[in-house]
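> For reference, the file final32.json (JSON, C-alpha atoms) is included below:
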```
[["chain", "number", "residue", "atom", "x", "y", "z"],
["X", 8, "MET", "CA", -7.53, -5.44, 1.18],
["X", 9, "THR", "CA", -4.55, -6.52, -0.86],
["X", 10, "GLY", "CA", -6.80, -7.21, -3.82],
["X", 11, "ILE", "CA", -8.08, -3.62, -3.70],
["X", 12, "LEU", "CA", -4.55, -2.27, -3.55],
["X", 13, "ALA", "CA", -3.50, -4.35, -6.53],
["X", 14, "ALA", "CA", -6.49, -3.01, -8.46],
["X", 15, "ASP", "CA", -5.68, 0.59, -7.51],
["X", 16, "PHE", "CA", -2.06, 0.27, -8.59],
["X", 17, "LYS", "CA", -1.94, -1.47, -11.95],
["X", 18, "SER", "CA", 1.51, -3.04, -12.03],
["X", 19, "ALA", "CA", 3.16, -6.40, -12.39],
["X", 20, "LEU", "CA", 4.89, -5.70, -9.07],
["X", 21, "CYS", "CA", 1.58, -5.57, -7.20],
["X", 22, "ARG", "CA", 0.48, -8.93, -8.58],
["X", 23, "LYS", "CA", 3.69, -10.74, -7.68],
["X", 24, "GLU", "CA", 3.43, -13.85, -5.48],
["X", 25, "GLU", "CA", -0.11, -13.08, -4.30],
["X", 26, "PRO", "CA", -1.11, -16.72, -3.41],
["X", 27, "ALA", "CA", 2.15, -17.31, -1.55],
["X", 28, "PHE", "CA", 1.67, -14.06, 0.36],
["X", 29, "GLN", "CA", -1.82, -15.04, 1.51],
["X", 30, "LEU", "CA", -0.56, -18.46, 2.62],
["X", 31, "TRP", "CA", 2.31, -16.81, 4.54],
["X", 32, "LEU", "CA", -0.14, -14.48, 6.32],
["X", 33, "LYS", "CA", -2.36, -17.38, 7.38],
["X", 34, "LEU", "CA", 0.60, -19.45, 8.57],
["X", 35, "GLY", "CA", 1.98, -16.48, 10.51],
["X", 36, "ARG", "CA", -1.37, -15.93, 12.24],
["X", 37, "LEU", "CA", -1.57, -19.61, 13.18],
["X", 38, "VAL", "CA", 1.93, -19.75, 14.66],
["X", 39, "SER", "CA", 1.43, -16.44, 16.48],
["X", 40, "TYR", "CA", -1.83, -17.78, 17.94],
["X", 41, "LEU", "CA", -0.09, -20.92, 19.20],
["X", 42, "PHE", "CA", 2.65, -18.89, 20.89],
["X", 43, "ALA", "CA", -0.02, -16.70, 22.52],
["X", 44, "ASN", "CA", -1.91, -19.78, 23.76],
["X", 45, "PRO", "CA", 0.74, -22.11, 25.20],
["X", 46, "ALA", "CA", -1.79, -24.66, 26.53],
["X", 47, "ILE", "CA", -3.09, -25.32, 23.03],
["X", 48, "ALA", "CA", 0.46, -25.32, 21.65],
["X", 49, "ILE", "CA", 1.60, -27.90, 24.23],
["X", 50, "ILE", "CA", -1.29, -30.21, 23.41],
["X", 51, "LEU", "CA", -0.56, -29.92, 19.69],
["X", 52, "VAL", "CA", 3.16, -30.55, 20.29],
["X", 53, "MET", "CA", 2.36, -33.65, 22.37],
["X", 54, "VAL", "CA", 0.12, -35.02, 19.62],
["X", 55, "ILE", "CA", 2.76, -34.38, 16.94],
["X", 56, "ALA", "CA", 5.53, -35.79, 19.16],
["X", 57, "SER", "CA", 3.54, -38.95, 19.86],
["X", 58, "LEU", "CA", 2.85, -39.46, 16.17],
["X", 59, "LEU", "CA", 6.51, -38.91, 15.25],
["X", 60, "TRP", "CA", 7.64, -41.25, 18.04],
["X", 61, "TRP", "CA", 5.32, -44.00, 16.80],
["X", 62, "LEU", "CA", 6.44, -43.55, 13.18],
["X", 63, "SER", "CA", 10.13, -43.38, 14.05],
["X", 64, "SER", "CA", 9.96, -46.50, 16.22],
["X", 65, "ARG", "CA", 9.29, -48.50, 13.06],
["X", 66, "TYR", "CA", 12.27, -47.21, 11.06],
["X", 67, "ILE", "CA", 14.89, -45.76, 13.45],
["X", 68, "ALA", "CA", 17.13, -47.43, 16.00],
["X", 69, "LYS", "CA", 16.23, -46.87, 19.67],
["X", 70, "LYS", "CA", 19.35, -44.79, 20.48],
["X", 71, "THR", "CA", 18.74, -42.49, 17.52],
["X", 72, "GLN", "CA", 15.09, -42.25, 18.42],
["X", 73, "TYR", "CA", 15.87, -41.21, 22.00],
["X", 74, "ALA", "CA", 18.45, -38.67, 20.79],
["X", 75, "LEU", "CA", 15.90, -37.11, 18.43],
["X", 76, "GLY", "CA", 13.34, -37.08, 21.22],
["X", 77, "VAL", "CA", 15.69, -35.24, 23.58],
["X", 78, "GLY", "CA", 16.55, -32.74, 20.84],
["X", 79, "PHE", "CA", 12.88, -32.13, 20.09],
["X", 80, "LEU", "CA", 12.12, -31.62, 23.80],
["X", 81, "ALA", "CA", 15.05, -29.20, 24.15],
["X", 82, "ALA", "CA", 13.82, -27.18, 21.17],
["X", 83, "VAL", "CA", 10.31, -26.96, 22.63],
["X", 84, "LEU", "CA", 11.61, -25.88, 26.04],
["X", 85, "PHE", "CA", 13.80, -23.24, 24.39],
["X", 86, "CYS", "CA", 10.85, -21.83, 22.44],
["X", 87, "VAL", "CA", 8.57, -21.53, 25.50],
["X", 88, "SER", "CA", 11.29, -20.03, 27.72],
["X", 89, "PRO", "CA", 12.46, -16.37, 27.82],
["X", 90, "ALA", "CA", 15.64, -17.48, 26.00],
["X", 91, "PRO", "CA", 14.51, -16.52, 22.46],
["X", 92, "ILE", "CA", 13.99, -12.91, 23.53],
["X", 93, "VAL", "CA", 17.38, -12.74, 25.27],
["X", 94, "VAL", "CA", 19.21, -14.34, 22.33],
["X", 95, "SER", "CA", 17.45, -12.23, 19.69],
["X", 96, "ASN", "CA", 18.19, -8.99, 21.55],
["X", 97, "TRP", "CA", 21.87, -9.90, 21.70],
["X", 98, "LEU", "CA", 22.06, -11.18, 18.11],
["X", 99, "LEU", "CA", 19.99, -8.50, 16.37],
["X", 100, "VAL", "CA", 20.06, -5.36, 18.50],
["X", 101, "SER", "CA", 23.36, -5.08, 20.38],
["X", 102, "PHE", "CA", 25.42, -4.62, 17.19],
["X", 103, "LEU", "CA", 23.20, -1.95, 15.58],
["X", 104, "PRO", "CA", 24.76, 1.48, 14.97],
["X", 105, "PRO", "CA", 22.91, 4.45, 16.54],
["X", 106, "ASP", "CA", 21.11, 7.13, 14.55],
["X", 107, "SER", "CA", 23.94, 9.47, 13.54],
["X", 108, "GLY", "CA", 21.62, 12.47, 13.21],
["X", 109, "GLU", "CA", 22.57, 12.96, 9.56],
["X", 110, "ASN", "CA", 20.14, 14.29, 6.99],
["X", 111, "ALA", "CA", 19.06, 12.14, 4.04],
["X", 112, "ALA", "CA", 17.10, 12.15, 0.80],
["X", 113, "ALA", "CA", 14.14, 10.29, 2.28],
["X", 114, "ILE", "CA", 12.68, 8.74, 5.41],
["X", 115, "VAL", "CA", 11.72, 5.14, 4.60],
["X", 116, "VAL", "CA", 9.08, 3.61, 6.89],
["X", 117, "LEU", "CA", 8.68, -0.17, 7.01],
["X", 118, "GLY", "CA", 5.28, -1.31, 8.28],
["X", 119, "ARG", "CA", 4.30, -3.72, 11.05],
["X", 120, "GLY", "CA", 0.51, -3.61, 11.43],
["X", 121, "PRO", "CA", -1.96, -0.88, 12.51],
["X", 122, "GLU", "CA", -0.67, -0.09, 16.02],
["X", 123, "GLU", "CA", 2.99, -0.06, 15.04],
["X", 124, "ASN", "CA", 2.28, 1.90, 11.85],
["X", 125, "GLY", "CA", 0.72, 4.74, 13.82],
["X", 126, "VAL", "CA", 3.82, 5.04, 16.01],
["X", 127, "ARG", "CA", 6.13, 4.92, 12.99],
["X", 128, "ALA", "CA", 4.13, 7.57, 11.15],
["X", 129, "THR", "CA", 4.44, 9.87, 14.18],
["X", 130, "GLU", "CA", 8.20, 9.30, 14.35],
["X", 131, "ALA", "CA", 8.59, 9.87, 10.61],
["X", 132, "ALA", "CA", 6.65, 13.12, 10.92],
["X", 133, "LYS", "CA", 8.98, 14.27, 13.72],
["X", 134, "LEU", "CA", 12.03, 13.59, 11.55],
["X", 135, "TRP", "CA", 10.46, 15.37, 8.59],
["X", 136, "ARG", "CA", 9.60, 18.44, 10.71],
["X", 137, "ALA", "CA", 13.18, 18.42, 12.00],
["X", 138, "ARG", "CA", 14.22, 18.71, 8.32],
["X", 139, "ARG", "CA", 16.13, 15.44, 8.41],
["X", 140, "ALA", "CA", 14.70, 14.58, 4.96],
["X", 141, "PRO", "CA", 12.26, 16.25, 2.51],
["X", 142, "LEU", "CA", 10.45, 13.03, 1.55],
["X", 143, "ILE", "CA", 8.69, 10.19, 3.41],
["X", 144, "LEU", "CA", 8.33, 6.82, 1.66],
["X", 145, "SER", "CA", 6.16, 4.12, 3.22],
["X", 146, "SER", "CA", 6.83, 0.56, 2.08],
["X", 147, "GLY", "CA", 4.67, -2.57, 2.08],
["X", 148, "ARG", "CA", 1.62, -3.80, 0.18],
["X", 149, "VAL", "CA", -0.71, -3.59, 3.16],
["X", 150, "ASP", "CA", 1.21, -1.18, 5.40],
["X", 151, "ALA", "CA", 2.21, 1.61, 2.96],
["X", 152, "PRO", "CA", -1.30, 3.07, 2.50],
["X", 153, "MET", "CA", -1.91, 2.70, 6.24],
["X", 154, "VAL", "CA", 1.23, 4.68, 7.13],
["X", 155, "ALA", "CA", 0.38, 7.28, 4.47],
["X", 156, "GLY", "CA", -3.10, 7.60, 5.98],
["X", 157, "PHE", "CA", -1.66, 8.22, 9.44],
["X", 158, "LEU", "CA", 0.73, 10.81, 8.02],
["X", 159, "LYS", "CA", -2.10, 12.68, 6.29],
["X", 160, "ASN", "CA", -4.91, 12.42, 8.86],
["X", 161, "GLN", "CA", -3.02, 12.13, 12.15],
["X", 162, "GLU", "CA", 0.12, 14.20, 11.43],
["X", 163, "ASN", "CA", -1.23, 16.63, 8.79],
["X", 164, "ILE", "CA", 1.64, 15.84, 6.42],
["X", 165, "SER", "CA", 0.89, 16.80, 2.81],
["X", 166, "GLU", "CA", 0.52, 13.96, 0.33],
["X", 167, "ALA", "CA", 2.98, 15.84, -1.88],
["X", 168, "VAL", "CA", 5.87, 14.77, 0.38],
["X", 169, "THR", "CA", 4.74, 11.15, 0.81],
["X", 170, "VAL", "CA", 5.38, 8.25, -1.56],
["X", 171, "GLN", "CA", 3.77, 4.84, -1.26],
["X", 172, "GLU", "CA", 5.60, 1.69, -2.31],
["X", 173, "ARG", "CA", 2.47, -0.45, -2.22],
["X", 174, "CYS", "CA", 3.67, -3.70, -3.79],
["X", 175, "SER", "CA", 6.31, -5.37, -1.61],
["X", 176, "LEU", "CA", 5.51, -8.55, 0.31],
["X", 177, "SER", "CA", 8.80, -9.02, 2.18],
["X", 178, "THR", "CA", 11.79, -7.12, 3.54],
["X", 179, "ALA", "CA", 13.78, -8.03, 0.43],
["X", 180, "GLU", "CA", 11.05, -6.56, -1.78],
["X", 181, "ASN", "CA", 10.79, -3.50, 0.50],
["X", 182, "ALA", "CA", 14.42, -2.77, -0.37],
["X", 183, "GLU", "CA", 14.23, -3.76, -4.04],
["X", 184, "PHE", "CA", 11.12, -1.76, -4.92],
["X", 185, "THR", "CA", 12.22, 1.25, -2.86],
["X", 186, "ALA", "CA", 15.52, 1.16, -4.78],
["X", 187, "ALA", "CA", 13.58, 0.98, -8.06],
["X", 188, "MET", "CA", 11.69, 4.14, -7.12],
["X", 189, "MET", "CA", 14.59, 6.13, -5.66],
["X", 190, "MET", "CA", 17.90, 5.13, -7.24],
["X", 191, "PRO", "CA", 17.06, 6.26, -10.83],
["X", 192, "ARG", "CA", 16.26, 9.69, -9.32],
["X", 193, "GLY", "CA", 19.63, 9.88, -7.57],
["X", 194, "LEU", "CA", 18.15, 9.35, -4.08],
["X", 195, "SER", "CA", 20.48, 6.95, -2.32],
["X", 196, "LYS", "CA", 20.74, 8.13, 1.29],
["X", 197, "ILE", "CA", 17.84, 7.19, 3.56],
["X", 198, "ILE", "CA", 16.76, 7.24, 7.19],
["X", 199, "LEU", "CA", 15.28, 3.79, 7.78],
["X", 200, "LEU", "CA", 12.51, 3.36, 10.37],
["X", 201, "THR", "CA", 11.63, -0.02, 11.83],
["X", 202, "ASP", "CA", 11.68, -1.84, 15.18],
["X", 203, "PRO", "CA", 14.93, -3.02, 16.82],
["X", 204, "LEU", "CA", 14.60, -6.73, 15.99],
["X", 205, "HIS", "CA", 13.77, -6.07, 12.34],
["X", 206, "MET", "CA", 16.42, -3.40, 11.82],
["X", 207, "MET", "CA", 19.52, -5.58, 11.31],
["X", 208, "ARG", "CA", 17.96, -7.57, 8.46],
["X", 209, "SER", "CA", 16.48, -4.41, 6.93],
["X", 210, "LEU", "CA", 19.71, -2.42, 7.24],
["X", 211, "LEU", "CA", 21.83, -5.06, 5.52],
["X", 212, "THR", "CA", 19.22, -5.69, 2.81],
["X", 213, "PHE", "CA", 18.81, -2.01, 1.92],
["X", 214, "LYS", "CA", 22.60, -1.60, 1.86],
["X", 215, "SER", "CA", 22.83, -4.48, -0.61],
["X", 216, "PHE", "CA", 20.89, -2.35, -3.11],
["X", 217, "GLY", "CA", 23.35, 0.53, -2.74],
["X", 218, "PHE", "CA", 21.58, 2.65, -0.14],
["X", 219, "GLU", "CA", 23.50, 4.64, 2.45],
["X", 220, "VAL", "CA", 21.38, 3.87, 5.51],
["X", 221, "VAL", "CA", 20.91, 5.87, 8.70],
["X", 222, "PRO", "CA", 19.01, 3.50, 11.06],
["X", 223, "HIS", "CA", 16.34, 5.00, 13.31],
["X", 224, "LEU", "CA", 14.72, 2.59, 15.76],
["X", 225, "THR", "CA", 11.05, 2.82, 16.70],
["X", 226, "PRO", "CA", 9.82, 0.98, 19.81],
["X", 227, "LEU", "CA", 7.31, -1.82, 19.58],
["X", 228, "VAL", "CA", 3.87, -0.93, 20.91],
["X", 229, "LYS", "CA", 3.04, -4.55, 21.61],
["X", 230, "GLU", "CA", 5.17, -6.45, 24.06],
["X", 231, "GLN", "CA", 7.92, -8.41, 22.36],
["X", 232, "SER", "CA", 6.82, -12.03, 21.99],
["X", 233, "ARG", "CA", 8.82, -15.23, 21.76],
["X", 234, "PHE", "CA", 7.29, -15.87, 18.34],
["X", 235, "PHE", "CA", 8.39, -12.47, 17.07],
["X", 236, "ALA", "CA", 11.90, -12.93, 18.48],
["X", 237, "ILE", "CA", 12.30, -16.39, 16.92],
["X", 238, "ARG", "CA", 10.87, -15.27, 13.57],
["X", 239, "GLU", "CA", 13.18, -12.27, 13.28],
["X", 240, "SER", "CA", 16.24, -14.28, 14.34],
["X", 241, "LEU", "CA", 15.48, -16.97, 11.76],
["X", 242, "GLY", "CA", 14.73, -14.29, 9.18],
["X", 243, "ALA", "CA", 18.09, -12.59, 9.69],
["X", 244, "VAL", "CA", 19.98, -15.88, 9.42],
["X", 245, "SER", "CA", 17.97, -17.15, 6.42],
["X", 246, "TYR", "CA", 18.58, -13.91, 4.51],
["X", 247, "GLY", "CA", 22.29, -14.41, 5.04],
["X", 248, "ILE", "CA", 22.13, -18.00, 3.80],
["X", 249, "MET", "CA", 20.17, -16.90, 0.70],
["X", 250, "GLY", "CA", 22.78, -14.24, -0.09],
["X", 251, "ARG", "CA", 20.44, -11.30, 0.29],
["X", 252, "TYR", "CA", 23.09, -9.17, 1.98],
["X", 253, "PHE", "CA", 25.39, -9.24, -1.07],
["X", 254, "SER", "CA", 25.49, -6.31, -3.48],
["X", 255, "LYS", "CA", 22.83, -6.40, -6.21],
["X", 256, "GLU", "CA", 21.14, -4.22, -8.82],
["X", 257, "VAL", "CA", 17.50, -3.65, -9.67],
["X", 258, "SER", "CA", 16.37, -4.86, -13.07],
["X", 259, "VAL", "CA", 15.27, -2.45, -15.81],
["X", 260, "GLU", "CA", 11.81, -4.08, -15.80],
["X", 261, "THR", "CA", 11.36, -3.49, -12.06],
["X", 262, "ILE", "CA", 12.43, 0.15, -12.41],
["X", 263, "ALA", "CA", 9.88, 0.64, -15.20],
["X", 264, "GLU", "CA", 7.08, -0.85, -13.07],
["X", 265, "ALA", "CA", 8.09, 1.21, -10.02],
["X", 266, "ASP", "CA", 8.14, 4.38, -12.11],
["X", 267, "LYS", "CA", 4.62, 3.57, -13.22],
["X", 268, "LEU", "CA", 3.51, 3.46, -9.57],
["X", 269, "VAL", "CA", 5.13, 6.83, -8.82],
["X", 270, "LYS", "CA", 3.44, 8.45, -11.80],
["X", 271, "GLN", "CA", 0.05, 7.07, -10.73],
["X", 272, "GLN", "CA", 0.46, 8.80, -7.38],
["X", 273, "GLN", "CA", 1.64, 12.03, -8.96],
["X", 274, "GLU", "CA", -1.45, 12.11, -11.18],
["X", 275, "ARG", "CA", -3.53, 12.66, -8.03],
["X", 276, "GLY", "CA", -1.16, 15.27, -6.58],
["X", 277, "ALA", "CA", 0.88, 13.00, -4.31],
["X", 278, "ALA", "CA", 4.58, 12.10, -4.33],
["X", 279, "THR", "CA", 5.68, 15.24, -6.15],
["X", 280, "ALA", "CA", 8.55, 15.78, -3.69],
["X", 281, "ILE", "CA", 10.36, 12.74, -5.07],
["X", 282, "GLU", "CA", 11.16, 14.77, -8.21],
["X", 283, "ASN", "CA", 12.24, 17.93, -6.36],
["X", 284, "TYR", "CA", 15.10, 16.79, -4.14]]
```
How does this structure look as structure tokens?

Amino acid sequence: MTGILAADFKSALCRKEEPAFQLWLKLGRLVSYLFANPAIAIILVMVIASLLWWLSSRYIAKKTQYALGVGFLAAVLFCVSPAPIVVSNWLLVSFLPPDSGENAAAIVVLGRGPEENGVRATEAAKLWRARRAPLILSSGRVDAPMVAGFLKNQENISEAVTVQERCSLSTAENAEFTAAMMMPRGLSKIILLTDPLHMMRSLLTFKSFGFEVVPHLTPLVKEQSRFFAIRESLGAVSYGIMGRYFSKEVSVETIAEADKLVKQQQERGAATAIENY
């Protein structure tokens, strides 16, 4: 699917990091499968632990080896317990500001797979009909066209008011490429739609590109999993360590590529509202 999207939207943005993206998808599916099948995960952990124990016994002192073993066991027990969900809810959700009810230049929808995208499209349509914003922008290489499809076919929203940012492969790129499309047109205030655990990282990242963000939470259709909680917690912390919450600007080259994507959509009668705010 991603190959088709890249072919449809001729841009250097849409070809960025393709092999790494595919590897990340496969790794994510594997880890998610292991969390969903704890029996298989436990067997795999035991095999890995036994191998590491045998290797470490040849090079590490006994006391250090036992300390590492206890630490490894504690980490495994933490991951399979309800603790990750409790910790992630406190760390990522309890400090989020509520939706202020303010209007904005655009409703920005971040994707999360077919089921979640349908819910987010419905919520975006409600906000648009309430005149909270005149424009809906969906973001994500795989998710953007999916959300746009739901908006058109499920919510009867005209393509003229929808824009697809169909190149980003991460939250950081969601923010960067959305900024490249909107900031040169003077559109800096957005209503941001995503799930509670993803919102903190998204909010801070979009703010780093100069957006004034009104957060609007959408519930998860699927039950919150330990894997999802751990991934989002680590993602929020890693973004901080990498400095992705600090102020930054979009390059001229990225703006030029993003403008090319907007014009391609406008040629088929979509995304015209982005010029009429």
> Need to verify the contact set: region 223-230 of chain X, 8 Å, all atoms listed in the file, exclusion of same-chain residues closer than 5 positions in sequence. Can you return it as a short mmCIF file (atom, residue, chain, number, x, y, z; two decimals) with C-alpha atoms, in the frame of the given file?

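Writing the result to result.cif gives the following:
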```cif
data_model
loop_
_atom_site.label_atom_id
_atom_site.label_comp_id
_atom_site.auth_asym_id
_atom_site.auth_seq_id
_atom_site.Cartn_x
_atom_site.Cartn_y
_atom_site.Cartn_z
CA PRO X 105 22.91 4.45 16.54
CA ASP X 106 21.11 7.13 14.55
CA GLU X 122 -0.67 -0.09 16.02
CA GLU X 123 2.99 -0.06 15.04
CA VAL X 126 3.82 5.04 16.01
CA ARG X 127 6.13 4.92 12.99
CA GLU X 130 8.20 9.30 14.35
CA ILE X 198 16.76 7.24 7.19
CA LEU X 199 15.28 3.79 7.78
CA LEU X 200 12.51 3.36 10.37
CA THR X 201 11.63 -0.02 11.83
CA ASP X 202 11.68 -1.84 15.18
CA PRO X 203 14.93 -3.02 16.82
CA MET X 206 16.42 -3.40 11.82
#
```
> Between X:Pro121, X:Arg136, X:Leu204, X:Lys70, single out the one closest to Phe102 (chain X), counting all atoms listed in the file.
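The closest residue to Phe102 (chain X) is X:Leu204.
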> Measuring atom to atom with only C-alpha atoms, identify which of X:Lys196, X:Arg119, X:Arg251, X:Lys270 is nearest to Val221 (chain X).
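So, comparing all the options, the nearest one is X:Lys196.
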> Mind checking which residues fall within 8 Å of Ser177 (chain X), counting all atoms listed in the file, ignoring those fewer than 3 positions away in the same chain, and posting them as number ranges by chain?
X: 147, 180-181
> Which polymer residues have any atom within 12 Å of an atom of Val220 (chain X), counting all atoms listed in the file, with same-chain residues fewer than 4 positions away left out, as a PDB file with C-alpha atoms, keeping the file's coordinate frame?

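As a result, part_22.pdb now contains:
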```
ATOM      1  CA  LEU X 103      23.200  -1.950  15.580  1.00  0.00           C
ATOM      2  CA  PRO X 104      24.760   1.480  14.970  1.00  0.00           C
ATOM      3  CA  PRO X 105      22.910   4.450  16.540  1.00  0.00           C
ATOM      4  CA  ASP X 106      21.110   7.130  14.550  1.00  0.00           C
ATOM      5  CA  SER X 107      23.940   9.470  13.540  1.00  0.00           C
ATOM      6  CA  GLY X 108      21.620  12.470  13.210  1.00  0.00           C
ATOM      7  CA  GLU X 109      22.570  12.960   9.560  1.00  0.00           C
ATOM      8  CA  ASN X 110      20.140  14.290   6.990  1.00  0.00           C
ATOM      9  CA  ALA X 111      19.060  12.140   4.040  1.00  0.00           C
ATOM     10  CA  ALA X 112      17.100  12.150   0.800  1.00  0.00           C
ATOM     11  CA  ALA X 113      14.140  10.290   2.280  1.00  0.00           C
ATOM     12  CA  ILE X 114      12.680   8.740   5.410  1.00  0.00           C
ATOM     13  CA  VAL X 115      11.720   5.140   4.600  1.00  0.00           C
ATOM     14  CA  ALA X 182      14.420  -2.770  -0.370  1.00  0.00           C
ATOM     15  CA  LEU X 194      18.150   9.350  -4.080  1.00  0.00           C
ATOM     16  CA  SER X 195      20.480   6.950  -2.320  1.00  0.00           C
ATOM     17  CA  LYS X 196      20.740   8.130   1.290  1.00  0.00           C
ATOM     18  CA  ILE X 197      17.840   7.190   3.560  1.00  0.00           C
ATOM     19  CA  ILE X 198      16.760   7.240   7.190  1.00  0.00           C
ATOM     20  CA  LEU X 199      15.280   3.790   7.780  1.00  0.00           C
ATOM     21  CA  LEU X 200      12.510   3.360  10.370  1.00  0.00           C
ATOM     22  CA  MET X 206      16.420  -3.400  11.820  1.00  0.00           C
ATOM     23  CA  MET X 207      19.520  -5.580  11.310  1.00  0.00           C
ATOM     24  CA  SER X 209      16.480  -4.410   6.930  1.00  0.00           C
ATOM     25  CA  LEU X 210      19.710  -2.420   7.240  1.00  0.00           C
ATOM     26  CA  LEU X 211      21.830  -5.060   5.520  1.00  0.00           C
ATOM     27  CA  THR X 212      19.220  -5.690   2.810  1.00  0.00           C
ATOM     28  CA  PHE X 213      18.810  -2.010   1.920  1.00  0.00           C
ATOM     29  CA  LYS X 214      22.600  -1.600   1.860  1.00  0.00           C
ATOM     30  CA  SER X 215      22.830  -4.480  -0.610  1.00  0.00           C
ATOM     31  CA  PHE X 216      20.890  -2.350  -3.110  1.00  0.00           C
TER      32      PHE X 216
END
```
> For CA of Glu172 (chain X) and CA of Arg139 (chain X), determine how far apart the two atoms are, in Å to one decimal place.
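Between CA of Glu172 (chain X) and CA of Arg139 (chain X) the gap is 20.4 Å.
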> Can you measure CA of Pro191 (chain X) to CA of Asp266 (chain X) for me? One decimal in Å is fine.
9.2 Å
> By how many Å are CA of Val168 (chain X) and CA of Ala278 (chain X) apart?
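One can read the CA of Val168 (chain X) to CA of Ala278 (chain X) distance as 5.6 Å.
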> I want to know what sits within 12 Å of Gly156 (chain X), based on only C-alpha atoms, with residues of the same chain fewer than 5 positions away left out; could you give that as a list of chain:residue names?
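The filter keeps X:Pro121, X:Asn124, X:Gly125, X:Arg127, X:Ala128, X:Thr129, X:Ser145, X:Val149, X:Asp150, X:Ala151, X:Gln161, X:Glu162, X:Asn163, X:Ile164, X:Ser165, X:Glu166, X:Thr169, X:Val170, X:Gln171.
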